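Next up, my_file_0.txt (compact mmCIF, C-alpha atoms):
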```txt
# COMPACT_ATOMS: atom_id res chain seq x y z
CA MET A 215 -51.16 73.55 -248.44
CA THR A 216 -52.17 76.62 -250.43
CA THR A 217 -49.78 79.57 -250.39
CA SER A 218 -51.31 83.03 -250.28
CA ILE A 219 -50.15 85.25 -253.12
CA ALA A 220 -49.58 87.96 -250.50
CA ASP A 221 -46.89 85.75 -248.98
CA LEU A 222 -44.90 85.23 -252.20
CA ARG A 223 -41.43 86.77 -251.92
CA LYS A 224 -38.31 87.02 -254.03
CA SER A 225 -34.92 88.45 -253.18
CA TYR A 226 -33.37 90.25 -256.14
CA GLU A 227 -29.62 89.72 -256.11
CA ARG A 228 -28.41 89.16 -259.68
CA ALA A 229 -26.95 92.54 -260.62
CA GLU A 230 -26.81 96.26 -259.97
CA LEU A 231 -27.28 99.44 -261.99
CA ASN A 232 -25.45 102.61 -261.08
CA GLU A 233 -24.71 105.93 -262.67
CA ASP A 234 -21.05 105.18 -263.30
CA ALA A 235 -21.67 101.87 -265.06
CA SER A 236 -24.69 102.94 -267.12
CA ARG A 237 -24.53 104.48 -270.59
CA ALA A 238 -24.90 108.21 -271.13
CA ALA A 239 -27.64 107.70 -273.75
CA PRO A 240 -30.70 105.54 -273.06
CA GLN A 241 -30.63 103.96 -276.51
CA GLN A 242 -27.16 102.61 -275.77
CA GLN A 243 -28.25 101.27 -272.38
CA PHE A 244 -31.28 99.60 -273.99
CA ASP A 245 -29.13 98.07 -276.73
CA GLN A 246 -26.82 96.58 -274.09
CA TRP A 247 -29.64 95.15 -271.97
CA LEU A 248 -31.58 93.74 -274.94
CA LYS A 249 -28.46 92.00 -276.27
CA GLU A 250 -27.79 90.59 -272.79
CA ALA A 251 -31.38 89.31 -272.61
CA ILE A 252 -30.97 87.61 -276.00
CA SER A 253 -27.60 86.11 -274.99
CA ALA A 254 -29.12 84.83 -271.74
CA GLU A 255 -31.83 83.10 -273.80
CA VAL A 256 -34.67 84.49 -271.71
CA PRO A 257 -38.08 83.56 -273.15
CA GLU A 258 -39.14 85.98 -275.88
CA PRO A 259 -36.73 88.82 -275.06
CA ASN A 260 -38.34 90.82 -277.88
CA ALA A 261 -41.81 90.83 -276.26
CA MET A 262 -43.00 94.15 -274.85
CA THR A 263 -46.19 95.47 -273.32
CA LEU A 264 -47.75 98.36 -275.24
CA ALA A 265 -50.06 100.69 -273.31
CA THR A 266 -52.39 103.10 -275.09
CA VAL A 267 -55.32 105.25 -273.99
CA GLY A 268 -58.54 105.69 -275.94
CA SER A 269 -60.83 108.68 -276.29
CA ASP A 270 -62.84 107.28 -273.36
CA LEU A 271 -59.65 107.68 -271.23
CA ARG A 272 -59.56 103.95 -270.49
CA PRO A 273 -56.02 102.51 -270.71
CA SER A 274 -55.43 99.29 -272.61
CA THR A 275 -52.40 96.98 -272.73
CA ARG A 276 -51.29 94.12 -274.94
CA ILE A 277 -48.08 92.29 -275.87
CA VAL A 278 -46.39 93.17 -279.16
CA LEU A 279 -42.95 92.29 -280.55
CA ILE A 280 -40.19 94.81 -281.16
CA LYS A 281 -39.00 94.61 -284.77
CA GLY A 282 -36.42 97.37 -284.84
CA TYR A 283 -34.87 100.20 -282.87
CA ASP A 284 -32.41 103.03 -283.37
CA GLU A 285 -31.91 106.60 -282.17
CA ARG A 286 -35.35 107.47 -283.57
CA GLY A 287 -37.25 104.97 -281.43
CA ILE A 288 -38.85 101.53 -281.10
CA VAL A 289 -40.68 99.87 -284.02
CA TRP A 290 -43.43 97.24 -284.16
CA PHE A 291 -45.99 96.22 -286.78
CA THR A 292 -49.71 95.60 -286.52
CA ASN A 293 -53.18 96.17 -287.96
CA TYR A 294 -53.96 99.91 -288.10
CA ASP A 295 -57.67 99.14 -287.63
CA SER A 296 -57.11 97.23 -284.38
CA ARG A 297 -58.08 98.66 -281.00
CA LYS A 298 -54.53 99.87 -280.41
CA GLY A 299 -54.41 101.40 -283.87
CA ARG A 300 -57.63 103.31 -283.30
CA GLN A 301 -56.44 104.50 -279.90
CA ILE A 302 -53.10 105.69 -281.29
CA ALA A 303 -54.92 107.56 -284.05
CA GLY A 304 -56.87 109.48 -281.40
CA ASN A 305 -54.07 109.84 -278.85
CA PRO A 306 -50.47 109.33 -280.05
CA TYR A 307 -48.95 109.12 -276.55
CA ALA A 308 -48.08 105.57 -275.50
CA ALA A 309 -45.80 103.53 -273.26
CA LEU A 310 -43.79 100.34 -273.68
CA GLN A 311 -42.43 97.94 -271.09
CA PHE A 312 -39.95 95.08 -271.31
CA HIS A 313 -39.77 92.64 -268.38
CA TRP A 314 -36.86 90.23 -268.44
CA VAL A 315 -37.77 88.22 -265.35
CA GLU A 316 -34.71 85.98 -265.34
CA LEU A 317 -32.40 89.01 -265.32
CA GLU A 318 -34.54 90.88 -262.77
CA ARG A 319 -34.79 93.82 -265.15
CA VAL A 320 -37.52 96.10 -266.47
CA VAL A 321 -37.30 98.83 -269.11
CA ARG A 322 -40.11 101.40 -269.38
CA ILE A 323 -40.33 103.76 -272.34
CA GLU A 324 -42.75 106.65 -272.92
CA GLY A 325 -43.24 108.91 -275.90
CA VAL A 326 -45.19 109.79 -279.02
CA VAL A 327 -46.11 107.24 -281.69
CA GLU A 328 -46.11 107.77 -285.46
CA LYS A 329 -46.50 105.43 -288.42
CA VAL A 330 -43.31 104.34 -290.12
CA SER A 331 -42.90 105.01 -293.83
CA ASP A 332 -44.67 102.85 -296.41
CA GLU A 333 -41.24 101.72 -297.58
CA GLU A 334 -40.35 100.41 -294.12
CA SER A 335 -43.68 98.63 -293.80
CA ASP A 336 -43.39 97.11 -297.29
CA GLU A 337 -39.86 95.86 -296.60
CA TYR A 338 -40.79 94.19 -293.34
CA PHE A 339 -44.03 92.73 -294.70
CA ALA A 340 -42.14 91.11 -297.58
CA SER A 341 -39.78 89.44 -295.08
CA ARG A 342 -42.59 87.70 -293.17
CA PRO A 343 -43.51 84.04 -293.70
CA LEU A 344 -46.25 83.48 -296.27
CA ASP A 345 -48.83 82.34 -293.72
CA SER A 346 -48.24 85.50 -291.67
CA ARG A 347 -48.72 87.67 -294.76
CA ILE A 348 -51.98 85.88 -295.56
CA GLY A 349 -52.98 86.21 -291.90
CA ALA A 350 -52.68 89.99 -292.10
CA TRP A 351 -55.45 89.90 -294.71
CA ALA A 352 -57.50 87.16 -293.03
CA SER A 353 -57.87 88.66 -289.55
CA PRO A 354 -60.15 91.69 -288.98
CA GLN A 355 -58.20 92.36 -285.79
CA SER A 356 -60.18 93.37 -282.68
CA GLN A 357 -63.54 92.89 -284.45
CA VAL A 358 -66.15 90.45 -283.16
CA ILE A 359 -66.36 87.30 -285.30
CA SER A 360 -68.72 84.32 -285.08
CA GLY A 361 -65.97 81.72 -284.71
CA ARG A 362 -62.54 80.52 -285.79
CA GLY A 363 -64.09 79.29 -289.03
CA VAL A 364 -64.22 82.91 -290.20
CA LEU A 365 -60.44 83.16 -289.99
CA VAL A 366 -59.90 79.82 -291.70
CA ALA A 367 -62.27 80.76 -294.53
CA ASN A 368 -60.64 84.16 -294.94
CA ALA A 369 -57.18 82.62 -295.04
CA ALA A 370 -58.29 80.18 -297.74
CA LYS A 371 -59.90 83.01 -299.70
CA TYR A 372 -56.90 85.30 -299.67
CA GLY A 373 -54.47 82.42 -300.16
CA ALA A 374 -56.27 81.50 -303.37
CA GLN A 375 -56.45 85.14 -304.42
CA PHE A 376 -52.82 86.10 -303.86
CA LEU A 377 -51.07 82.70 -304.08
CA LEU A 378 -47.41 83.24 -303.15
CA LYS A 379 -47.33 87.03 -303.46
CA PRO A 380 -49.82 88.73 -301.15
CA PRO A 381 -49.26 92.51 -301.12
CA ARG A 382 -49.19 94.45 -297.87
CA PRO A 383 -52.73 95.30 -296.82
CA PRO A 384 -53.44 99.05 -296.67
CA HIS A 385 -54.60 98.59 -293.07
CA TRP A 386 -51.36 96.96 -291.91
CA GLY A 387 -47.96 98.48 -291.16
CA GLY A 388 -45.49 99.78 -288.64
CA TYR A 389 -45.45 102.21 -285.75
CA ARG A 390 -42.50 103.93 -284.13
CA LEU A 391 -42.58 105.16 -280.53
CA MET A 392 -40.24 108.16 -280.26
CA PRO A 393 -39.14 108.23 -276.61
CA ASP A 394 -38.96 111.30 -274.42
CA GLN A 395 -38.49 109.22 -271.25
CA TRP A 396 -36.82 105.91 -270.40
CA GLU A 397 -36.53 104.07 -267.09
CA PHE A 398 -34.21 101.17 -266.37
CA TRP A 399 -35.05 99.04 -263.29
CA GLN A 400 -32.70 96.51 -261.76
CA GLY A 401 -33.94 94.42 -258.84
CA ARG A 402 -31.86 94.65 -255.64
CA LYS A 403 -31.96 93.19 -252.12
CA SER A 404 -34.33 94.50 -249.45
CA ARG A 405 -36.51 96.10 -252.14
CA LEU A 406 -33.91 98.87 -252.51
CA HIS A 407 -34.02 98.52 -256.28
CA ASP A 408 -31.99 100.55 -258.75
CA ARG A 409 -34.04 102.89 -260.95
CA LEU A 410 -32.37 105.18 -263.48
CA ARG A 411 -34.53 107.52 -265.50
CA TYR A 412 -33.51 109.33 -268.66
CA ARG A 413 -35.68 112.28 -269.67
CA MET A 414 -35.34 114.68 -272.54
CA ASP A 415 -34.61 118.25 -271.46
CA GLY A 416 -33.66 120.93 -273.97
CA GLY A 417 -32.64 118.40 -276.59
CA GLU A 418 -30.35 116.51 -274.19
CA TRP A 419 -30.84 113.37 -272.13
CA VAL A 420 -30.78 113.94 -268.37
CA ARG A 421 -30.00 110.86 -266.28
CA GLU A 422 -31.28 110.72 -262.70
CA ARG A 423 -31.90 108.14 -259.98
CA LEU A 424 -35.41 107.49 -258.67
CA ALA A 425 -36.21 106.07 -255.25
CA PRO A 426 -37.60 102.53 -255.56
```
Could you write out this file's structure as structure tokens?
Amino acid sequence: MTTSIADLRKSYERAELNEDASRAAPQQQFDQWLKEAISAEVPEPNAMTLATVGSDLRPSTRIVLIKGYDERGIVWFTNYDSRKGRQIAGNPYAALQFHWVELERVVRIEGVVEKVSDEESDEYFASRPLDSRIGAWASPQSQVISGRGVLVANAAKYGAQFLLKPPRPPHWGGYRLMPDQWEFWQGRKSRLHDRLRYRMDGGEWVRERLAP
């Protein structure tokens, strides 16, 4: 018997999120939830959806991995010439979303994106496995290629050229999203979910509850 997707249901009953128990600053709340996701061993707790909008006003999403965070924002690394890189260059506003299904939690983050410093990008690039460093040279990300053989040939070419010390490509590095709005979502029974939003107002974070 085939089940209609319209009939799929789930009752969210794992936890709650209220004003008294949440942190005053969103970065602290995010740090707590991310560490809890890692401790719970949810699949890829560091995976996040990145949404950008191009000059044609068409939104685009993809999964990227968080590589750092502090009071300044959320950091990831990628090819600057990719579709997302080109869209960010034309429109620096973007959004991130974490979905930790097993914990019935979502975190949404909005703000402005900037490139991290060359020093930050160099440091992270040097920490990557060798095949990943070669891959940054081998893949013309988001471009049309004739087949996987192009990637294999490029990897062989750059592997022979750089051996064990490939430098960071000029088209590859980090971005930092500097948040001006966060939302923390905790699933609850009867679809009466908890939603706490933090928004920047006059240099201070304002915390408020949203109806689900």
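Among the candidates A:Ala370, A:Ile280, A:Ala229, A:Val267, the residue lying nearest to Leu317 (chain A) is A:Ala229 (atoms considered: all atoms listed in the file).
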Using all atoms listed in the file, tabulate the residues of region 324-415 of chain A lying at most 12 Å from any atom of region 252-265 of chain A, each with its closest atom pair and that distance in Å to one decimal, by chain and increasing residue number, as a Markdown table.
```
| residue | atom | partner | partner_atom | distance |
| --- | --- | --- | --- | --- |
| A:Glu324 | CA | A:Ala265 | CA | 9.4 |
| A:Gly325 | CA | A:Ala265 | CA | 11.0 |
| A:Val326 | CA | A:Ala265 | CA | 11.8 |
| A:Val327 | CA | A:Leu264 | CA | 11.1 |
| A:Tyr389 | CA | A:Leu264 | CA | 11.4 |
| A:Arg390 | CA | A:Leu264 | CA | 11.7 |
| A:Leu391 | CA | A:Leu264 | CA | 10.0 |
```
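Nearest to Gly349 (chain A) of all the residues A:Leu271, A:Leu279, A:Val366, A:Ala425 is A:Val366, counting all atoms listed in the file.
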Task: Exercise: residues within 6 Å of coordinate (-49.1, 110.0, -274.6), counting only C-alpha atoms, as a list in words - done: Pro306, Tyr307, Ala308 and Val326 of chain A
Task: Who sits within 12 Å of Phe376 (chain A), all atoms listed in the file, same chain under 6 positions skipped, as a VMD selection string - done: chain A and resid 344 to 345 347 to 349 351 to 352 369 to 370 382 to 383
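Here CA of Trp314 (chain A) stands at a distance of 11.6 Å from CA of Lys249 (chain A).
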Just region 262-275 of chain A, please, as a short mmCIF file (atom, residue, chain, number, x, y, z; two decimals), in the first residue's frame (only all heavy atoms).
```cif
data_model
loop_
_atom_site.label_atom_id
_atom_site.label_comp_id
_atom_site.auth_asym_id
_atom_site.auth_seq_id
_atom_site.Cartn_x
_atom_site.Cartn_y
_atom_site.Cartn_z
N MET A 262 25.03 22.76 6.43
CA MET A 262 24.05 23.85 6.44
C MET A 262 23.66 24.20 5.01
O MET A 262 24.46 24.07 4.08
CB MET A 262 24.61 25.08 7.16
CG MET A 262 25.91 25.63 6.59
SD MET A 262 26.62 26.94 7.63
CE MET A 262 28.06 27.40 6.63
N THR A 263 22.42 24.62 4.85
CA THR A 263 21.95 25.09 3.55
C THR A 263 22.29 26.56 3.41
O THR A 263 22.00 27.36 4.30
CB THR A 263 20.43 24.90 3.42
OG1 THR A 263 20.11 23.52 3.56
CG2 THR A 263 19.93 25.40 2.08
N LEU A 264 22.90 26.92 2.30
CA LEU A 264 23.23 28.31 1.98
C LEU A 264 22.33 28.78 0.86
O LEU A 264 22.28 28.17 -0.20
CB LEU A 264 24.70 28.43 1.56
CG LEU A 264 25.12 29.74 0.88
CD1 LEU A 264 25.00 30.91 1.84
CD2 LEU A 264 26.55 29.62 0.33
N ALA A 265 21.60 29.86 1.10
CA ALA A 265 20.72 30.44 0.08
C ALA A 265 21.27 31.78 -0.36
O ALA A 265 21.60 32.64 0.46
CB ALA A 265 19.31 30.63 0.64
N THR A 266 21.39 31.96 -1.68
CA THR A 266 21.84 33.21 -2.27
C THR A 266 20.88 33.59 -3.39
O THR A 266 20.10 32.76 -3.85
CB THR A 266 23.27 33.08 -2.83
OG1 THR A 266 23.31 31.98 -3.76
CG2 THR A 266 24.29 32.84 -1.73
N VAL A 267 20.96 34.84 -3.82
CA VAL A 267 20.09 35.32 -4.89
C VAL A 267 20.95 36.02 -5.94
O VAL A 267 21.76 36.89 -5.62
CB VAL A 267 19.02 36.29 -4.36
CG1 VAL A 267 18.17 36.83 -5.50
CG2 VAL A 267 18.15 35.60 -3.32
N GLY A 268 20.76 35.63 -7.20
CA GLY A 268 21.54 36.21 -8.28
C GLY A 268 20.96 37.50 -8.81
O GLY A 268 19.89 37.95 -8.38
N SER A 269 21.63 38.08 -9.78
CA SER A 269 21.18 39.33 -10.38
C SER A 269 19.85 39.16 -11.12
O SER A 269 19.13 40.13 -11.35
CB SER A 269 22.24 39.87 -11.35
OG SER A 269 22.52 38.91 -12.36
N ASP A 270 19.52 37.90 -11.48
CA ASP A 270 18.24 37.62 -12.13
C ASP A 270 17.12 37.44 -11.12
O ASP A 270 15.99 37.11 -11.48
CB ASP A 270 18.35 36.38 -13.01
CG ASP A 270 18.81 35.14 -12.23
OD1 ASP A 270 19.03 35.26 -10.99
OD2 ASP A 270 18.97 34.08 -12.84
N LEU A 271 17.44 37.63 -9.81
CA LEU A 271 16.49 37.54 -8.69
C LEU A 271 15.99 36.11 -8.45
O LEU A 271 15.02 35.92 -7.73
CB LEU A 271 15.29 38.48 -8.89
CG LEU A 271 15.64 39.96 -9.08
CD1 LEU A 271 14.38 40.81 -9.16
CD2 LEU A 271 16.55 40.45 -7.94
N ARG A 272 16.67 35.13 -9.03
CA ARG A 272 16.31 33.73 -8.78
C ARG A 272 17.11 33.22 -7.59
O ARG A 272 18.34 33.26 -7.61
CB ARG A 272 16.60 32.87 -10.00
CG ARG A 272 15.71 33.17 -11.20
CD ARG A 272 16.16 32.37 -12.41
NE ARG A 272 16.01 30.94 -12.21
CZ ARG A 272 14.97 30.23 -12.65
NH1 ARG A 272 13.99 30.83 -13.31
NH2 ARG A 272 14.90 28.94 -12.45
N PRO A 273 16.44 32.71 -6.54
CA PRO A 273 17.16 32.16 -5.40
C PRO A 273 17.79 30.82 -5.74
O PRO A 273 17.31 30.09 -6.61
CB PRO A 273 16.08 32.01 -4.33
CG PRO A 273 14.83 31.84 -5.10
CD PRO A 273 14.98 32.66 -6.35
N SER A 274 18.86 30.49 -5.04
CA SER A 274 19.57 29.23 -5.25
C SER A 274 20.05 28.72 -3.91
O SER A 274 20.52 29.49 -3.07
CB SER A 274 20.75 29.45 -6.20
OG SER A 274 21.51 28.26 -6.35
N THR A 275 19.93 27.41 -3.68
CA THR A 275 20.39 26.81 -2.43
C THR A 275 21.35 25.67 -2.71
O THR A 275 21.32 25.05 -3.77
CB THR A 275 19.22 26.27 -1.58
OG1 THR A 275 18.59 25.20 -2.27
CG2 THR A 275 18.20 27.36 -1.29
#
```
